[in-house]
$ cat input.cif   # mmCIF, C-alpha atoms (C1' of nucleotides)
data_target
#
loop_
_atom_site.label_atom_id
_atom_site.label_comp_id
_atom_site.auth_asym_id
_atom_site.auth_seq_id
_atom_site.Cartn_x
_atom_site.Cartn_y
_atom_site.Cartn_z
CA MET A 77 -18.66 5.06 3.93
CA THR A 78 -14.95 4.60 4.51
CA LEU A 79 -12.96 3.18 7.40
CA GLN A 80 -11.36 6.56 7.79
CA GLN A 81 -14.74 8.22 8.20
CA LEU A 82 -15.74 5.63 10.77
CA ARG A 83 -12.53 6.27 12.71
CA TYR A 84 -13.05 10.02 12.69
CA PHE A 85 -16.68 9.60 13.67
CA LEU A 86 -15.82 7.28 16.54
CA ALA A 87 -13.10 9.55 17.85
CA THR A 88 -15.51 12.47 17.74
CA ALA A 89 -18.23 10.51 19.50
CA ASP A 90 -15.77 9.41 22.17
CA GLN A 91 -14.37 12.87 22.73
CA GLY A 92 -17.65 14.67 22.29
CA SER A 93 -15.88 17.27 20.23
CA PHE A 94 -14.41 17.72 16.76
CA SER A 95 -11.40 19.65 17.94
CA ALA A 96 -10.51 17.10 20.63
CA ALA A 97 -10.92 14.26 18.16
CA ALA A 98 -8.77 16.10 15.62
CA ALA A 99 -6.07 16.67 18.20
CA GLY A 100 -6.06 12.99 19.08
CA LEU A 101 -5.87 12.05 15.41
CA ARG A 102 -3.23 14.70 14.77
CA LEU A 103 -5.35 16.37 12.15
CA ALA A 104 -6.89 19.76 11.57
CA GLN A 105 -10.43 20.17 12.87
CA PRO A 106 -11.99 21.00 9.50
CA SER A 107 -10.73 17.72 8.06
CA VAL A 108 -12.52 15.74 10.74
CA SER A 109 -15.68 17.84 10.46
CA GLU A 110 -15.75 17.38 6.73
CA GLN A 111 -15.43 13.61 6.82
CA VAL A 112 -18.19 13.32 9.41
CA ARG A 113 -20.33 15.64 7.31
CA LEU A 114 -19.74 13.49 4.24
CA LEU A 115 -20.65 10.41 6.23
CA GLU A 116 -23.89 12.02 7.37
CA ALA A 117 -24.63 13.08 3.81
CA GLU A 118 -24.14 9.57 2.48
CA LEU A 119 -26.27 7.99 5.19
CA GLY A 120 -28.90 10.68 4.91
CA VAL A 121 -29.04 11.20 8.67
CA ALA A 122 -27.51 13.55 11.19
CA LEU A 123 -25.18 11.66 13.51
CA PHE A 124 -24.68 14.55 15.88
CA VAL A 125 -26.91 17.35 17.04
CA ARG A 126 -24.98 20.59 17.00
CA ALA A 127 -26.43 22.66 19.78
CA GLY A 128 -24.10 25.56 20.05
CA ARG A 129 -20.70 24.13 20.71
CA THR A 130 -21.98 20.99 22.37
CA LEU A 131 -22.17 17.81 20.33
CA THR A 132 -24.71 15.12 21.14
CA LEU A 133 -25.15 11.84 19.34
CA THR A 134 -28.48 11.32 17.63
CA GLU A 135 -30.24 7.97 17.73
CA ALA A 136 -28.67 7.19 14.37
CA GLY A 137 -25.31 8.25 15.76
CA ARG A 138 -25.60 5.94 18.73
CA THR A 139 -26.54 3.11 16.41
CA LEU A 140 -23.64 3.73 14.09
CA ARG A 141 -21.28 4.01 17.02
CA ARG A 142 -21.93 0.43 18.06
CA HIS A 143 -21.54 -0.87 14.52
CA ALA A 144 -18.46 1.22 13.81
CA GLY A 145 -16.74 -0.27 16.83
CA ARG A 146 -17.49 -3.73 15.55
CA ILE A 147 -16.26 -2.96 12.05
CA LEU A 148 -12.97 -1.45 13.18
CA ALA A 149 -12.40 -4.35 15.54
CA ALA A 150 -12.96 -6.73 12.64
CA VAL A 151 -10.39 -4.81 10.61
CA ASP A 152 -7.86 -5.14 13.41
CA ASP A 153 -8.60 -8.85 13.59
CA ALA A 154 -7.95 -9.15 9.88
CA ARG A 155 -4.63 -7.34 10.18
CA THR A 156 -3.56 -9.54 13.05
CA ALA A 157 -4.59 -12.74 11.32
CA VAL A 158 -2.71 -11.85 8.14
CA ALA A 159 0.32 -10.76 10.14
CA GLU A 160 0.37 -14.12 11.90
CA VAL A 161 0.26 -15.95 8.59
CA ARG A 162 3.04 -13.75 7.29
CA GLN A 163 5.08 -14.50 10.37
CA VAL A 164 4.72 -18.22 9.78
CA LEU A 165 5.32 -18.04 6.06
CA THR A 166 8.31 -15.77 6.03
CA GLY A 167 11.38 -17.71 6.92
CA THR A 168 13.90 -20.06 5.49
CA VAL A 169 13.45 -23.78 5.15
CA THR A 170 16.57 -25.82 4.65
CA LEU A 171 16.04 -29.22 3.14
CA GLY A 172 18.66 -31.93 3.23
CA VAL A 173 18.36 -34.27 0.25
CA PHE A 174 20.34 -37.50 -0.20
CA GLY A 175 20.48 -40.00 -3.03
CA THR A 176 20.94 -39.53 -6.78
CA ALA A 177 17.34 -39.42 -7.97
CA SER A 178 16.27 -37.38 -4.99
CA TYR A 179 16.45 -33.97 -6.63
CA TYR A 180 14.04 -35.11 -9.28
CA LEU A 181 11.66 -36.47 -6.71
CA VAL A 182 11.57 -33.40 -4.51
CA SER A 183 11.80 -30.74 -7.19
CA GLU A 184 8.14 -31.02 -8.09
CA VAL A 185 7.03 -30.73 -4.50
CA VAL A 186 9.41 -27.88 -3.81
CA GLU A 187 8.25 -25.93 -6.84
CA GLY A 188 4.66 -26.23 -5.79
CA PHE A 189 5.57 -25.12 -2.30
CA ARG A 190 7.51 -22.15 -3.58
CA ARG A 191 4.60 -21.12 -5.73
CA ARG A 192 2.19 -21.20 -2.82
CA HIS A 193 4.58 -19.59 -0.35
CA PRO A 194 6.75 -17.05 -2.13
CA GLY A 195 7.79 -15.55 1.18
CA VAL A 196 9.62 -18.68 2.27
CA ARG A 197 13.17 -19.23 1.18
CA VAL A 198 13.84 -22.86 0.43
CA ARG A 199 17.43 -24.07 0.59
CA LEU A 200 18.27 -27.43 -0.85
CA VAL A 201 21.37 -29.10 0.56
CA GLY A 202 22.54 -32.21 -1.33
CA MET T 269 -6.45 -0.97 4.16
CA THR T 270 -9.66 0.47 2.76
CA LEU T 271 -13.11 -1.00 2.28
CA GLN T 272 -12.68 -0.43 -1.40
CA GLN T 273 -9.51 -2.48 -1.46
CA LEU T 274 -11.26 -5.27 0.42
CA ARG T 275 -14.12 -5.23 -2.09
CA TYR T 276 -11.77 -5.39 -5.05
CA PHE T 277 -9.75 -8.13 -3.41
CA LEU T 278 -12.84 -10.18 -2.63
CA ALA T 279 -14.21 -9.80 -6.14
CA THR T 280 -10.87 -10.90 -7.55
CA ALA T 281 -10.68 -13.87 -5.21
CA ASP T 282 -14.22 -14.90 -6.12
CA GLN T 283 -13.67 -14.56 -9.85
CA GLY T 284 -10.14 -15.86 -9.83
CA SER T 285 -9.16 -13.09 -12.22
CA PHE T 286 -8.51 -9.37 -12.21
CA SER T 287 -10.23 -8.77 -15.51
CA ALA T 288 -13.37 -10.65 -14.51
CA ALA T 289 -13.49 -8.83 -11.19
CA ALA T 290 -13.00 -5.50 -12.95
CA ALA T 291 -15.81 -6.27 -15.36
CA GLY T 292 -18.12 -7.11 -12.48
CA LEU T 293 -17.15 -3.91 -10.70
CA ARG T 294 -17.40 -1.92 -13.93
CA LEU T 295 -13.83 -0.75 -13.67
CA ALA T 296 -10.67 -0.98 -15.72
CA GLN T 297 -8.40 -3.91 -14.89
CA PRO T 298 -5.39 -1.82 -13.92
CA SER T 299 -7.44 -0.03 -11.27
CA VAL T 300 -8.31 -3.29 -9.59
CA SER T 301 -4.79 -4.66 -9.92
CA GLU T 302 -3.35 -1.51 -8.41
CA GLN T 303 -5.60 -1.54 -5.36
CA VAL T 304 -4.85 -5.18 -4.67
CA ARG T 305 -1.16 -4.46 -5.12
CA LEU T 306 -1.38 -1.58 -2.63
CA LEU T 307 -3.20 -3.84 -0.19
CA GLU T 308 -0.47 -6.45 -0.50
CA ALA T 309 2.17 -3.77 -0.03
CA GLU T 310 0.54 -2.48 3.14
CA LEU T 311 0.10 -5.94 4.62
CA GLY T 312 3.56 -7.00 3.54
CA VAL T 313 2.31 -10.26 2.05
CA ALA T 314 1.34 -11.55 -1.34
CA LEU T 315 -2.37 -12.36 -1.43
CA PHE T 316 -2.26 -14.05 -4.80
CA VAL T 317 0.33 -16.13 -6.56
CA ARG T 318 0.61 -15.01 -10.16
CA ALA T 319 1.53 -18.11 -12.11
CA GLY T 320 1.20 -17.13 -15.70
CA ARG T 321 -2.32 -15.89 -16.11
CA THR T 322 -3.74 -18.02 -13.35
CA LEU T 323 -4.34 -16.46 -9.97
CA THR T 324 -4.24 -18.53 -6.81
CA LEU T 325 -4.84 -17.32 -3.29
CA THR T 326 -1.93 -17.62 -0.92
CA GLU T 327 -2.41 -18.70 2.68
CA ALA T 328 -2.52 -15.03 3.66
CA GLY T 329 -5.03 -14.43 0.88
CA ARG T 330 -7.33 -17.17 2.11
CA THR T 331 -7.10 -15.76 5.62
CA LEU T 332 -7.91 -12.24 4.50
CA ARG T 333 -10.76 -13.50 2.37
CA ARG T 334 -12.61 -14.83 5.39
CA HIS T 335 -12.04 -11.65 7.37
CA ALA T 336 -12.90 -9.39 4.45
CA GLY T 337 -16.24 -11.10 4.09
CA ARG T 338 -16.96 -10.49 7.74
CA ILE T 339 -15.94 -6.84 7.57
CA LEU T 340 -18.04 -6.04 4.53
CA ALA T 341 -21.00 -7.83 6.06
CA ALA T 342 -20.59 -5.72 9.19
CA VAL T 343 -20.59 -2.60 7.02
CA ASP T 344 -23.83 -3.67 5.39
CA ASP T 345 -25.32 -4.30 8.81
CA ALA T 346 -24.33 -0.81 9.88
CA ARG T 347 -25.93 0.72 6.81
CA THR T 348 -29.12 -1.20 7.38
CA ALA T 349 -29.30 -0.35 11.07
CA VAL T 350 -28.83 3.35 10.42
CA ALA T 351 -31.35 3.27 7.61
CA GLU T 352 -33.91 1.71 9.93
CA VAL T 353 -33.36 4.41 12.51
CA ARG T 354 -33.69 7.03 9.81
CA GLN T 355 -36.94 5.47 8.68
CA VAL T 356 -38.34 5.66 12.19
CA LEU T 357 -37.07 9.14 12.88
CA THR T 358 -38.11 10.82 9.67
CA GLY T 359 -41.77 11.61 9.80
CA THR T 360 -44.22 14.10 11.11
CA VAL T 361 -45.70 14.10 14.57
CA THR T 362 -48.85 16.11 15.10
CA LEU T 363 -49.59 17.05 18.66
CA GLY T 364 -52.97 18.30 19.80
CA VAL T 365 -52.66 20.64 22.76
CA PHE T 366 -55.58 22.04 24.77
CA GLY T 367 -55.79 24.46 27.67
CA THR T 368 -54.24 27.87 28.13
CA ALA T 369 -51.04 27.02 29.96
CA SER T 370 -50.47 23.92 27.86
CA TYR T 371 -48.06 25.47 25.34
CA TYR T 372 -45.78 26.42 28.12
CA LEU T 373 -45.92 22.98 29.60
CA VAL T 374 -45.16 21.10 26.42
CA SER T 375 -42.75 23.55 24.83
CA GLU T 376 -39.84 22.38 26.94
CA VAL T 377 -40.46 18.73 26.13
CA VAL T 378 -40.97 19.45 22.45
CA GLU T 379 -37.80 21.46 22.18
CA GLY T 380 -35.79 18.66 23.72
CA PHE T 381 -37.38 16.19 21.35
CA ARG T 382 -36.67 18.38 18.34
CA ARG T 383 -33.07 18.69 19.40
CA ARG T 384 -32.64 14.95 19.64
CA HIS T 385 -34.61 14.17 16.47
CA PRO T 386 -34.05 16.89 13.91
CA GLY T 387 -35.48 14.65 11.19
CA VAL T 388 -38.93 14.61 12.75
CA ARG T 389 -41.35 17.39 11.98
CA VAL T 390 -43.41 18.30 15.01
CA ARG T 391 -46.75 20.01 14.42
CA LEU T 392 -48.51 21.63 17.33
CA VAL T 393 -52.27 22.03 16.99
CA GLY T 394 -53.92 24.19 19.65
"C1'" DT Z 715 -3.15 -15.01 -31.56
"C1'" DA Z 716 -6.29 -14.31 -28.20
"C1'" DA Z 717 -6.68 -13.39 -23.46
"C1'" DT Z 718 -4.75 -11.74 -19.25
"C1'" DA Z 719 -1.63 -9.13 -16.24
"C1'" DT Z 720 1.73 -5.35 -15.61
"C1'" DT Z 721 3.79 -0.88 -16.43
"C1'" DA Z 722 3.55 4.00 -17.64
"C1'" DC Z 723 1.39 8.16 -17.54
"C1'" DG Z 724 -2.11 11.89 -17.67
"C1'" DT Z 725 -6.46 13.44 -15.46
"C1'" DA Z 726 -10.01 14.03 -12.17
"C1'" DT Z 727 -11.35 13.34 -7.65
"C1'" DT Z 728 -10.69 14.10 -2.92
"C1'" DA Z 729 -8.49 14.49 1.63
"C1'" DC Z 730 -5.93 17.79 3.88
"C1'" DG Z 731 -4.23 22.26 5.88
"C1'" DT Z 732 -4.46 27.34 6.41
"C1'" DA Z 733 -7.19 31.23 6.90
"C1'" DA Z 734 -11.35 33.57 7.85
"C1'" DA Z 735 -16.05 33.90 9.48
"C1'" DG Z 736 -19.86 32.59 12.48
"C1'" DA Z 737 -21.71 31.22 16.85
"C1'" DT Z 738 -21.97 30.20 21.72
"C1'" DT Z 739 -20.68 30.39 26.67
"C1'" DA D 1402 -13.06 37.43 25.05
"C1'" DA D 1403 -12.21 32.72 24.35
"C1'" DT D 1404 -13.38 28.43 22.38
"C1'" DC D 1405 -15.41 25.63 19.03
"C1'" DT D 1406 -17.58 24.80 14.51
"C1'" DT D 1407 -18.28 25.88 9.82
"C1'" DT D 1408 -17.07 27.82 5.37
"C1'" DA D 1409 -13.83 28.91 1.72
"C1'" DC D 1410 -10.13 27.81 -0.95
"C1'" DG D 1411 -5.58 26.23 -2.57
"C1'" DT D 1412 -2.53 22.10 -2.60
"C1'" DA D 1413 -1.04 17.48 -2.44
"C1'" DA D 1414 -2.20 12.77 -2.60
"C1'" DT D 1415 -4.53 9.19 -5.04
"C1'" DA D 1416 -7.96 6.49 -7.66
"C1'" DC D 1417 -9.09 5.98 -12.23
"C1'" DG D 1418 -8.81 5.33 -17.34
"C1'" DT D 1419 -6.20 4.88 -21.72
"C1'" DA D 1420 -2.39 3.17 -24.00
"C1'" DA D 1421 1.48 0.33 -24.43
"C1'" DT D 1422 4.21 -3.78 -23.09
"C1'" DA D 1423 4.81 -8.41 -21.46
"C1'" DT D 1424 3.43 -13.11 -20.83
"C1'" DT D 1425 1.04 -17.37 -21.46
"C1'" DA D 1426 -2.28 -20.87 -23.12
#
$ encode --input "input.cif" --output "C-alpha cells"
Amino acid sequence: MTLQQLRYFLATADQGSFSAAAAGLRLAQPSVSEQVRLLEAELGVALFVRAGRTLTLTEAGRTLRRHAGRILAAVDDARTAVAEVRQVLTGTVTLGVFGTASYYLVSEVVEGFRRRHPGVRVRLVG
Amino acid sequence: MTLQQLRYFLATADQGSFSAAAAGLRLAQPSVSEQVRLLEAELGVALFVRAGRTLTLTEAGRTLRRHAGRILAAVDDARTAVAEVRQVLTGTVTLGVFGTASYYLVSEVVEGFRRRHPGVRVRLVG
DNA sequence: TAATATTACGTATTACGTAAAGATT
DNA sequence: AATCTTTACGTAATACGTAATATTA
C-alpha cells in the first residue's frame, strides 16, 4: 500500500471512473487501473465492482475510502507542520556581542545552536 | 513523501543511527540513508544533524516524527479495517428456496447481492 | 582501528505511456 | 458506433545492494 495508490483509488472512487480519475491526475488510464489493481491484490479484496463500464465501491472499498481520506489528510498535516518549522528556522539571526571575553562566552552556545538549526544563519557583530 | 520513507525515517529516529535502522529493516545502510536524504530534499529541511557519527533530530525532524507515527498508525488501521470487512464478506451463504415461483423471486435479490459482494459464494438449494 | 556515514555505480524492480483488444450502452 | 476498461509491452525512473571513500571515537 502506497500513498500514490491511495490517491489514485480515492480519485477513482470520487469520480466513479478510471478515465475521469486519470484525466484529473493527468495520467493515462491504464496507469491508474494498474495501481488500483495492485492495491486490491495486496489487500486481497475487490474495492470496486466492475459491472460493465460502471464502477461501484464494494463494502471494502467504502471502508478504505474513509481511511484513505484520513491518511492523506494526515500527510498534508505533516507537510504543513514541517513547512512551518522550516519557515521559522530558516532566517538570519544577527547577534551583537560586546566586551572582550564575550566571544568565548557565546561561542559555545552559538555552536550548539548552529548544530541544531543548520538552516539559520547566525551573524556575530562585535 | 512515501510511506516507505516515513518508515525508514522513523526507524532511524528511534534507533538514532542509520546502520541500526537498516539492520532492523533488513536493508543496506545506503538504501536507508538515501531515502531519508530524498525525504529531506523534498521537504527542504534537514531532519537530522550529522555531527560526526552521532545523529540528532532537528526541530523539523521531531515534528515529522510525531506526524509520521500518526500516519503509519492510520495505515495500519486501514489495513485492519479492510481485513475485517474481507473476513466478513468471504464465505459461503447457502439459501434454501421452496415453491415454484421462488427462483424468480429471489434471483433478482441474489444477483444484486453477488454484484455487491463478489467474495461471497451463494448456494441456492431448491 | 573499529564503527558509522557518504559517495559512486550497476542492477532489478516498477510506474508509466502507447497501442491494441475486449466489453458495454 | 462510441466510450470505458483491460491487456500487452517497451521505456524511463528509482529503490536496492556492493564496493569504495571519508570521518570520527
$ interface_residues --input "input.cif" --of "chain A" --to "chain D" --cutoff "12 Å" --atoms "only C-alpha atoms (C1' of nucleotides)" --output "PDB file with C-alpha atoms, in the frame of the given file"
ATOM      1  CA  GLY A  92     -17.650  14.670  22.290  1.00  0.00           C
ATOM      2  CA  SER A  93     -15.880  17.270  20.230  1.00  0.00           C
ATOM      3  CA  PHE A  94     -14.410  17.720  16.760  1.00  0.00           C
ATOM      4  CA  SER A  95     -11.400  19.650  17.940  1.00  0.00           C
ATOM      5  CA  ALA A  96     -10.510  17.100  20.630  1.00  0.00           C
ATOM      6  CA  GLN A 105     -10.430  20.170  12.870  1.00  0.00           C
ATOM      7  CA  PRO A 106     -11.990  21.000   9.500  1.00  0.00           C
ATOM      8  CA  SER A 107     -10.730  17.720   8.060  1.00  0.00           C
ATOM      9  CA  VAL A 108     -12.520  15.740  10.740  1.00  0.00           C
ATOM     10  CA  SER A 109     -15.680  17.840  10.460  1.00  0.00           C
ATOM     11  CA  GLU A 110     -15.750  17.380   6.730  1.00  0.00           C
ATOM     12  CA  ARG A 113     -20.330  15.640   7.310  1.00  0.00           C
ATOM     13  CA  ARG A 126     -24.980  20.590  17.000  1.00  0.00           C
ATOM     14  CA  ALA A 127     -26.430  22.660  19.780  1.00  0.00           C
ATOM     15  CA  GLY A 128     -24.100  25.560  20.050  1.00  0.00           C
ATOM     16  CA  ARG A 129     -20.700  24.130  20.710  1.00  0.00           C
ATOM     17  CA  THR A 130     -21.980  20.990  22.370  1.00  0.00           C
ATOM     18  CA  LEU A 131     -22.170  17.810  20.330  1.00  0.00           C
TER      19      LEU A 131
END
$ atom_distance --input "input.cif" --atom1 "CA of Thr170 in chain A" --atom2 "CA of Val201 in chain A"
7.1 Å
$ axis_aligned_box --input "input.cif" --around "range 721-737 of chain Z" --padding-each-side "4 Å" --output "lines of an AutoDock Vina configuration file"
center_x = -9.0
center_y = 16.5
center_z = -0.4
size_x = 33.5
size_y = 42.8
size_z = 42.5
$ atom_distance --input "input.cif" --atom1 "CA of Gln283 in chain T" --atom2 "CA of Val317 in chain T"
14.5 Å
$ interface_residues --input "input.cif" --of "chain T" --to "chain A" --cutoff "7 Å" --atoms "only C-alpha atoms" --output "list in words"
Thr270, Leu271, Val313, Val317, Thr326, Ala328, Thr331, Leu332, His335, Ile339, Ala342, Val343, Ala346, Ala349, Val350, Val353, Arg354, Arg383, Arg384 and His385 of chain T
$ write_last_selection --input "input.cif" --atoms "C-alpha atoms" --output "compact mmCIF listing (two decimals), in the coordinates of the input"
# COMPACT_ATOMS: atom_id res chain seq x y z
CA THR T 270 -9.66 0.47 2.76
CA LEU T 271 -13.11 -1.00 2.28
CA VAL T 313 2.31 -10.26 2.05
CA VAL T 317 0.33 -16.13 -6.56
CA THR T 326 -1.93 -17.62 -0.92
CA ALA T 328 -2.52 -15.03 3.66
CA THR T 331 -7.10 -15.76 5.62
CA LEU T 332 -7.91 -12.24 4.50
CA HIS T 335 -12.04 -11.65 7.37
CA ILE T 339 -15.94 -6.84 7.57
CA ALA T 342 -20.59 -5.72 9.19
CA VAL T 343 -20.59 -2.60 7.02
CA ALA T 346 -24.33 -0.81 9.88
CA ALA T 349 -29.30 -0.35 11.07
CA VAL T 350 -28.83 3.35 10.42
CA VAL T 353 -33.36 4.41 12.51
CA ARG T 354 -33.69 7.03 9.81
CA ARG T 383 -33.07 18.69 19.40
CA ARG T 384 -32.64 14.95 19.64
CA HIS T 385 -34.61 14.17 16.47
$ resolve_selection --input "input.cif" --expression "the PyMOL selection byres ((chain Z) within 10 of (chain T))" --output "MDAnalysis selection string"
chainID Z and resid 717:721
$ write_last_selection --input "input.cif" --atoms "C-alpha atoms (C1' of nucleotides)" --output "PDB file, in the frame of the given file"
ATOM      1  C1'  DA Z 717      -6.680 -13.390 -23.460  1.00  0.00           C
ATOM      2  C1'  DT Z 718      -4.750 -11.740 -19.250  1.00  0.00           C
ATOM      3  C1'  DA Z 719      -1.630  -9.130 -16.240  1.00  0.00           C
ATOM      4  C1'  DT Z 720       1.730  -5.350 -15.610  1.00  0.00           C
ATOM      5  C1'  DT Z 721       3.790  -0.880 -16.430  1.00  0.00           C
TER       6       DT Z 721
END
$ atom_distance --input "input.cif" --atom1 "CA of Ala98 in chain A" --atom2 "CA of Arg275 in chain T"
28.2 Å
$ build_atoms --input "input.cif" --residues "range 103-121 of chain A" --atoms "N, CA, C and O atoms" --output "compact mmCIF listing (two decimals), keeping the file's coordinate frame"
# COMPACT_ATOMS: atom_id res chain seq x y z
N LEU A 103 -4.84 15.80 13.39
CA LEU A 103 -5.35 16.37 12.15
C LEU A 103 -5.93 17.74 12.45
O LEU A 103 -6.12 18.12 13.61
N ALA A 104 -6.22 18.48 11.40
CA ALA A 104 -6.89 19.76 11.57
C ALA A 104 -8.38 19.51 11.77
O ALA A 104 -8.94 18.58 11.19
N GLN A 105 -9.00 20.36 12.58
CA GLN A 105 -10.43 20.17 12.87
C GLN A 105 -11.29 20.10 11.61
O GLN A 105 -12.13 19.20 11.48
N PRO A 106 -11.11 21.02 10.67
CA PRO A 106 -11.99 21.00 9.50
C PRO A 106 -11.97 19.67 8.75
O PRO A 106 -12.98 19.25 8.20
N SER A 107 -10.82 19.00 8.75
CA SER A 107 -10.73 17.72 8.06
C SER A 107 -11.66 16.70 8.71
O SER A 107 -12.38 15.97 8.02
N VAL A 108 -11.66 16.68 10.02
CA VAL A 108 -12.52 15.74 10.74
C VAL A 108 -13.99 16.09 10.52
O VAL A 108 -14.81 15.23 10.19
N SER A 109 -14.30 17.37 10.69
CA SER A 109 -15.68 17.84 10.46
C SER A 109 -16.18 17.43 9.09
O SER A 109 -17.29 16.90 8.95
N GLU A 110 -15.34 17.66 8.10
CA GLU A 110 -15.75 17.38 6.73
C GLU A 110 -16.07 15.90 6.52
O GLU A 110 -17.08 15.56 5.91
N GLN A 111 -15.21 15.04 7.02
CA GLN A 111 -15.43 13.61 6.82
C GLN A 111 -16.71 13.16 7.52
O GLN A 111 -17.47 12.35 6.99
N VAL A 112 -16.96 13.67 8.70
CA VAL A 112 -18.19 13.32 9.41
C VAL A 112 -19.40 13.84 8.63
O VAL A 112 -20.41 13.15 8.49
N ARG A 113 -19.26 15.05 8.10
CA ARG A 113 -20.33 15.64 7.31
C ARG A 113 -20.62 14.79 6.07
O ARG A 113 -21.78 14.52 5.73
N LEU A 114 -19.56 14.33 5.41
CA LEU A 114 -19.74 13.49 4.24
C LEU A 114 -20.42 12.17 4.61
O LEU A 114 -21.26 11.66 3.87
N LEU A 115 -20.04 11.64 5.76
CA LEU A 115 -20.65 10.41 6.23
C LEU A 115 -22.14 10.61 6.47
O LEU A 115 -22.97 9.80 6.04
N GLU A 116 -22.47 11.70 7.12
CA GLU A 116 -23.89 12.02 7.37
C GLU A 116 -24.64 12.19 6.05
O GLU A 116 -25.76 11.71 5.89
N ALA A 117 -23.99 12.84 5.10
CA ALA A 117 -24.63 13.08 3.81
C ALA A 117 -24.92 11.76 3.11
O ALA A 117 -26.01 11.55 2.57
N GLU A 118 -23.95 10.85 3.16
CA GLU A 118 -24.14 9.57 2.48
C GLU A 118 -25.25 8.75 3.14
O GLU A 118 -26.04 8.11 2.47
N LEU A 119 -25.27 8.78 4.47
CA LEU A 119 -26.27 7.99 5.19
C LEU A 119 -27.64 8.67 5.21
O LEU A 119 -28.65 8.03 5.48
N GLY A 120 -27.64 9.97 4.93
CA GLY A 120 -28.90 10.68 4.91
C GLY A 120 -29.47 10.97 6.29
O GLY A 120 -30.66 11.21 6.44
N VAL A 121 -28.61 10.92 7.30
CA VAL A 121 -29.04 11.20 8.67
C VAL A 121 -27.99 12.03 9.38
O VAL A 121 -26.79 11.89 9.11
